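Worksheet: one structure, shown below.
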2 protein chains.
Amino acid sequence: MLRTNTCGELRIEDVNKNVTLCGWVQKTRKLGGATFIDLRDRYGITQLIFSDDDQAGAKFGEEGFSREMVLKVTGTVIERLSKNKNLPTGDIEIKLQHVEILNRSLTPPFTIEDETDGGDELRMKYRYLDLRRTVVRKNLELRHRMAIETRNYLDKLDFLEVETPVLIKSTPEGARDFVVPSRMNQNQFYALPQSPQTFKQLLMVSGFDRYYQIVKCFRDEDLRADRQPEFTQIDCEMSFVEQEDILQTFEGLTRHLFKKVKGIDIPTIPRLSYADAMKYYGNDKPDTRFDMKLVDFKALVSGKSFKVFEDAETVLAISASGASEYTRKQLDELTEWVKRPQLAATGLVYARYTADGTLKSSVDKFYNQEELKKWAQACDAKPGDLILILAGGENKTRKAMSELRLEMGNRLGLRDKNKFSCLWVVDFPLLEWNEGDPNLLASLAGRWHAKHHPFTSPKPEDINLLNTDPGGVRANAYDIVINGVEVGGGSIRIHNRDLQAKLFEVLGFSKEEAQKQFGFLMNAFEYGAPPHGGIAFGFDRLCSLFGGAESIRDFIAFPKNNSGRDVMIDAPSEISEEQLKELGIHLSTEKS
Amino acid sequence: MLRTNTCGELRIEDVNKNVTLCGWVQKTRKLGGATFIDLRDRYGITQLIFSDDDQAGAKFGEEGFSREMVLKVTGTVIERLSKNKNLPTGDIEIKLQHVEILNRSLTPPFTIEDETDGGDELRMKYRYLDLRRTVVRKNLELRHRMAIETRNYLDKLDFLEVETPVLIKSTPEGARDFVVPSRMNQNQFYALPQSPQTFKQLLMVSGFDRYYQIVKCFRDEDLRADRQPEFTQIDCEMSFVEQEDILQTFEGLTRHLFKKVKGIDIPTIPRLSYADAMKYYGNDKPDTRFDMKLVDFKALVSGKSFKVFEDAETVLAISASGASEYTRKQLDELTEWVKRPQLAATGLVYARYTADGTLKSSVDKFYNQEELKKWAQACDAKPGDLILILAGGENKTRKAMSELRLEMGNRLGLRDKNKFSCLWVVDFPLLEWNEGDPNLLASLAGRWHAKHHPFTSPKPEDINLLNTDPGGVRANAYDIVINGVEVGGGSIRIHNRDLQAKLFEVLGFSKEEAQKQFGFLMNAFEYGAPPHGGIAFGFDRLCSLFGGAESIRDFIAFPKNNSGRDVMIDAPSEISEEQLKELGIHLSTEKS
């Protein structure tokens, strides 16, 4: 090694040792005839010192050490006169005897500090410099630790890590596939996996019993703010299990990660049915760090000639704790907020439960004090709280109220990123109607679509509904939600060929299509497939949540931007005519 | 769980316990009024028993349990009358009380036994059944263990596992890239990485100091017998190191894996220069499980009017220990073997060193006993040995002799797959001349080509040869070879922009090409790149070597065949017109 120690390692006990360190110049400053350099590496910062008086120092002084220069320095560990208690190495410094400049640096386009002056785009273009910032590096260290602890936990439970292939077959169910033209098999394409779903099921058919993999998956989606075309899953599958076994096993993983990585003991994870999640939160991934449940006011408010409520399919209320003092201006602003096109509510009704115990609403004309008291009772409001009410069509109103609830949670400081609330959502519907999702091929619109995926098992008691009421069939499917973020989901799978064929039929596959795309799996079910089920965690998302961040990007070493581009390496990019020719493909624009 | 125990778990101490097991019917047999079933899962085999006499048994008997049926059985653990010492569960059996058939099975197309009757193609098509065979599953369990131990070792040394992107930029240096058309960026393509080389170097520029990843890589090659289009590397990089640090660190990893996975203590790994490897073995990845070095006989045999030797550029000999009794027939056959088109030797000269101490050669006309004694001395032959000599052009002869050496090693049983011999080969040449490699684009022929890759650092003392004698420049590059298989390789990298630009120039890149393809890396070198180096191990190969197998395929869960096809899922395959249209590409055949 070019060094004897790292920049994070030396302590008061090391005084008088002769050491060699390597690292980057964080900053330099002159003070009373001496020069101080902060030398930085992954492990920390160590202060170097040389005096202008001595011969070596005079020579070093001439060099002009600039930011981000790479140095190899040799010197003696000495005790600092003014110690820095904020730095693990703050008791010592290195009196320099020798300096070698290993590499020079241009002035970085932004400052290498936790709070940088670089904008998003600049930081992405120079990602290798952005990664030098301690905050960003810490995120990736957290990710490393999460991966190690995940593997340790699953390895102890006899899960085998098995790598499944990346070059597979296109099955444009779910989102769009990325495809890879084959040179050796002209006119044919591989696809990149959206998940290793079918392979992990085949591993269960193979008797592997317990499988996991931390694995890259790919989805050619129109990217939203916080999606990436390539993302990482903790992918797991178990045989001879029922839903309860999966929930227990992966509640255990969640608990293990919180304990080992964050030092937090989380309580038993509560469970909520999909139906109740929609009822109480308007949302299948509720943020349960705070209560503020949705309450159905329709019956309560009907028959009082208030046209808005009379005409509405649904009337929903929440009680925002301690918000009764909201000013008129704040309430007007909140009304504008719910009227935005994203929510498109027609208005917001409120009732203040004042500290003196009376209620003042925006609809006092229609509802008297006694009736308002019943409102308060219904949504468990107390003096000091603010009741907020939205009315309109069921789906739209429930969605808008869910958003308003989260917004009020934000405004009232109830969504602390250092507080964690986990939840299982269970009993999902098996199917949903696809009106035409821009992330699916147009040819899949106007069909039933699998809510989780086409391999999810319906609840046995609901199988008879497949023919009569597909939308009413519940699945043995579950999501794990932390702080309102769906971090994982899975299901008990179908392991019976006939039932799987039936599902493909309901999903609008012809027998031929089903056989062509998934024949290998249905054939496998003929040879003794065990009951099995599994789960996959969104690893990027889980890491960002543990890191207390909103975005997954800073937990990915080299992320892509919202256009799916890596602006650092400039990908995707054009390829040569020679490559295209060998692959036997033409670009459409070439035709004209 | 549907079971209380696995099929590998119960012992004599468990007698009288009531248990539930799940698994596959391995076989059934009737004996003396009782029926025995071997129930198999990943963990082992447990014998089940029921008697035709009792009521339950009679009912079970009617079921006709067939091979690979999936059962859930409940019963009592009893001591076996005739114990099976070869089975960990061989002291007990389960007296059945209840049987549930979880799934039925068609008769598998081949037997699920260690020695199966299924051919390669059939086993690949039904890979999910092939994976049920214990021998195949053990290979993948070994792979899991290797991965875990690799991570444990590197984690302890402060290496951070960082995931690098899979959708990157095409740089058709090295082998051909697989490419991925971008829908969002029409006419542009991502490429799949042949290795994370540039990203790991950027991580070093970022100060990550120690990086590793067990990562899928991709190469669009015309597949040879034992190559896969997607393969896995243990990919590592370190900063502030010299070659010696890398060798020590990864010799440590190799030792750790042998110890933890195989229980073998391996001695210090010897080092051999590339030049000496070629001189003594004719090969840069010599199998050092046996000696039998190549000896240059040219000077020794010259001047004796034997035209074959006189005309030859090179005369090489080996001494095959204990082979002096080879019959004329065996020697004729060996002569035919070296004359095959692959080796194309013109003939084989031999000299038997008989037990009585005399030498008998096929060229006795030209060389007397005294001269033959000198031959024996030169190649360290002893009575009982057989000296084999090839002559001809230098490159061809050295290659042929290397092959003959390995063949004799095979024939003499010197290549025991349970014996392991590790070797570092160092001081590789930096460049080699590319005459036109079918795995490279045609446009790259007739150029210098990087022997490792274009980021490898030349030895400082050889840099001045870059202009005058590029082929003579040695690199700070090294390979680790086990039993004649190159399992890993790496180098100290260039960390200086000007030297990197010079290398691209020597490799025939124009300044514009270099900037377009690798500008991001050269720019990164402007901002304080540390000295760094690394290594990558071929993980599939390493696993197969530890497993004592020739082929990597059985250490990959779902491998592709020699045409790059997955015959189980039938990939690659055609994609829909709709997909092609969205991607903006046409197939060449559509034109006509």
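Order determines the names: the first chain of the structure tokens is A, the second B, and so forth; residues in each chain are numbered 1 upward, and ligands are numbered 1 upward as they are shown.
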
Practice problem: For stretch 354-356 of chain A, work out the shell of residues within 9 Å, counting only C-alpha atoms and skipping chain neighbours fewer than 2 positions away, then give it as a count of residues only. | Solution: 11

Write out as CSV the residues of stretch 502-548 of chain A that have any atom within 9 Å of an atom of stretch 112-132 of chain B, one row each with the nearest atom pair and its distance in Å to one decimal, counting only C-alpha atoms, sorted by chain and then rising number.
```
residue,atom,partner,partner_atom,distance
A:Phe520,CA,B:Tyr126,CA,8.5
A:Ala524,CA,B:Tyr128,CA,7.2
A:Tyr527,CA,B:Leu129,CA,8.0
```

Only N, CA and C atoms, please: the residues just picked out, written as a PDB file, in the first residue's frame.
```pdb
ATOM      1  N   PHE A 520     -43.449 -22.885 -21.111  1.00  0.00           N
ATOM      2  CA  PHE A 520     -42.431 -23.557 -20.290  1.00  0.00           C
ATOM      3  C   PHE A 520     -42.853 -23.627 -18.833  1.00  0.00           C
ATOM      4  N   ALA A 524     -43.925 -26.928 -16.795  1.00  0.00           N
ATOM      5  CA  ALA A 524     -43.232 -27.248 -15.543  1.00  0.00           C
ATOM      6  C   ALA A 524     -44.242 -27.645 -14.464  1.00  0.00           C
ATOM      7  N   TYR A 527     -45.071 -31.318 -13.809  1.00  0.00           N
ATOM      8  CA  TYR A 527     -44.095 -32.269 -13.273  1.00  0.00           C
ATOM      9  C   TYR A 527     -43.884 -32.112 -11.770  1.00  0.00           C
TER      10      TYR A 527
END
```

Self-check item: helix (DSSP H, G or I) positions in stretch 434-530 of chain B, given as an NGL selection string
Solution: :B and (442-444 or 460-462 or 465-468 or 470-472 or 497-506 or 511-524)

Exercise. Please provide as a list in words all residues within 6 Å of stretch 219-224 of chain B, with the sequence filter that same-chain residues fewer than 3 positions apart are discarded (counting only C-alpha atoms).
Key: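 Near neighbours after the sequence-gap exclusion: Arg176, Asp177, Phe178, Gln194, Arg227, Pro229, Asn439 and Asn562 of chain B.
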
Self-check item: Interatomic distance (Å, one decimal) between atom CA of A:Val487 and atom CA of A:Leu334
Solution: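 Separation of atom CA of A:Val487 and atom CA of A:Leu334: 29.7 Å.
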
Listing only residues of chain B within 6 Å of chain A, what is the closest atom pair and its distance in Å (to one decimal) for each, using only C-alpha atoms, sorted by chain and residue number ascending, as a tab-separated table?
```
residue	atom	partner	partner_atom	distance
B:Met1	CA	A:Val241	CA	4.7
B:Leu2	CA	A:Phe240	CA	5.3
B:Arg42	CA	A:Gly207	CA	5.9
B:Glu68	CA	A:Gly528	CA	5.8
B:Met69	CA	A:Gly528	CA	5.3
B:Val70	CA	A:Gly528	CA	5.5
B:Asn103	CA	A:Gly528	CA	5.4
B:Arg104	CA	A:Gly528	CA	5.3
B:Ser105	CA	A:Tyr527	CA	4.1
B:Leu106	CA	A:Tyr527	CA	5.4
B:Tyr128	CA	A:Ser206	CA	5.0
B:Leu129	CA	A:Ser206	CA	5.8
B:Leu131	CA	A:Ser206	CA	5.5
B:Arg132	CA	A:Ser206	CA	4.9
B:His144	CA	A:Glu161	CA	5.5
B:Glu161	CA	A:His144	CA	5.5
B:Ile168	CA	A:Ala571	CA	5.9
B:Lys169	CA	A:Ala571	CA	5.1
B:Val179	CA	A:Val180	CA	5.9
B:Val180	CA	A:Val180	CA	4.9
B:Gln188	CA	A:Glu574	CA	4.6
B:Phe189	CA	A:Pro572	CA	4.8
B:Tyr190	CA	A:Pro572	CA	4.5
B:Leu202	CA	A:Tyr128	CA	5.8
B:Ser206	CA	A:Arg132	CA	4.8
B:Gly207	CA	A:Arg42	CA	5.9
B:Phe240	CA	A:Leu2	CA	5.3
B:Val241	CA	A:Met1	CA	4.7
B:Asp245	CA	A:Met1	CA	5.9
B:Phe520	CA	A:Ile569	CA	5.8
B:Glu526	CA	A:Ser105	CA	5.5
B:Tyr527	CA	A:Ser105	CA	4.1
B:Gly528	CA	A:Ser105	CA	4.5
B:Ile569	CA	A:Phe520	CA	5.8
B:Ala571	CA	A:Lys169	CA	5.1
B:Pro572	CA	A:Tyr190	CA	4.5
B:Ser573	CA	A:Gln188	CA	4.6
B:Glu574	CA	A:Gln188	CA	4.6
B:Gly584	CA	A:Ser588	CA	5.1
B:Ile585	CA	A:Leu587	CA	4.6
B:His586	CA	A:His586	CA	4.9
B:Leu587	CA	A:Ile585	CA	4.6
B:Ser588	CA	A:Gly584	CA	5.1
```

Quiz item: Which polymer residues have any atom within 9 Å of an atom of A:Ser544, counting only C-alpha atoms, with same-chain residues fewer than 3 positions away left out, as a VMD selection string?
Solution: chain A and resid 139 143 539 to 541 547 to 555

Requested write-out: N, CA, C and O atoms of the selected residues, as a tab-separated table (two decimals), in the first residue's frame:
```tsv
chain	number	residue	atom	x	y	z
A	139	ASN	N	-24.62	7.27	1.71
A	139	ASN	CA	-25.80	6.58	1.18
A	139	ASN	C	-25.41	5.23	0.57
A	139	ASN	O	-26.11	4.24	0.76
A	143	ARG	N	-26.24	1.35	1.61
A	143	ARG	CA	-26.73	0.36	0.67
A	143	ARG	C	-25.91	-0.94	0.77
A	143	ARG	O	-26.47	-2.04	0.80
A	539	PHE	N	-35.19	-2.55	-3.70
A	539	PHE	CA	-34.01	-2.32	-2.86
A	539	PHE	C	-33.59	-0.86	-2.86
A	539	PHE	O	-33.19	-0.31	-1.82
A	540	ASP	N	-33.67	-0.20	-4.02
A	540	ASP	CA	-33.29	1.21	-4.09
A	540	ASP	C	-34.17	2.03	-3.13
A	540	ASP	O	-33.70	2.86	-2.38
A	541	ARG	N	-35.47	1.76	-3.22
A	541	ARG	CA	-36.46	2.46	-2.41
A	541	ARG	C	-36.25	2.18	-0.91
A	541	ARG	O	-36.29	3.09	-0.08
A	547	GLY	N	-32.31	5.64	4.56
A	547	GLY	CA	-31.43	6.82	4.58
A	547	GLY	C	-32.17	8.11	4.84
A	547	GLY	O	-31.57	9.18	4.88
A	548	GLY	N	-33.50	8.00	5.00
A	548	GLY	CA	-34.30	9.20	5.31
A	548	GLY	C	-34.39	10.17	4.15
A	548	GLY	O	-34.51	11.37	4.34
A	549	ALA	N	-34.32	9.64	2.92
A	549	ALA	CA	-34.34	10.52	1.75
A	549	ALA	C	-35.60	10.29	0.94
A	549	ALA	O	-36.23	9.24	1.01
A	550	GLU	N	-35.96	11.27	0.13
A	550	GLU	CA	-37.15	11.19	-0.70
A	550	GLU	C	-36.83	10.43	-1.99
A	550	GLU	O	-37.63	9.65	-2.49
A	551	SER	N	-35.66	10.70	-2.55
A	551	SER	CA	-35.34	10.21	-3.89
A	551	SER	C	-34.46	8.98	-3.82
A	551	SER	O	-33.61	8.84	-2.94
A	552	ILE	N	-34.66	8.07	-4.77
A	552	ILE	CA	-33.81	6.88	-4.79
A	552	ILE	C	-32.48	7.17	-5.48
A	552	ILE	O	-31.53	6.42	-5.35
A	553	ARG	N	-32.41	8.29	-6.20
A	553	ARG	CA	-31.24	8.53	-7.03
A	553	ARG	C	-29.93	8.58	-6.29
A	553	ARG	O	-28.91	8.13	-6.79
A	554	ASP	N	-29.99	9.17	-5.10
A	554	ASP	CA	-28.73	9.30	-4.39
A	554	ASP	C	-28.33	8.01	-3.67
A	554	ASP	O	-27.33	7.96	-2.96
A	555	PHE	N	-29.12	6.95	-3.89
A	555	PHE	CA	-28.75	5.65	-3.35
A	555	PHE	C	-28.35	4.70	-4.47
A	555	PHE	O	-28.21	3.50	-4.27
```
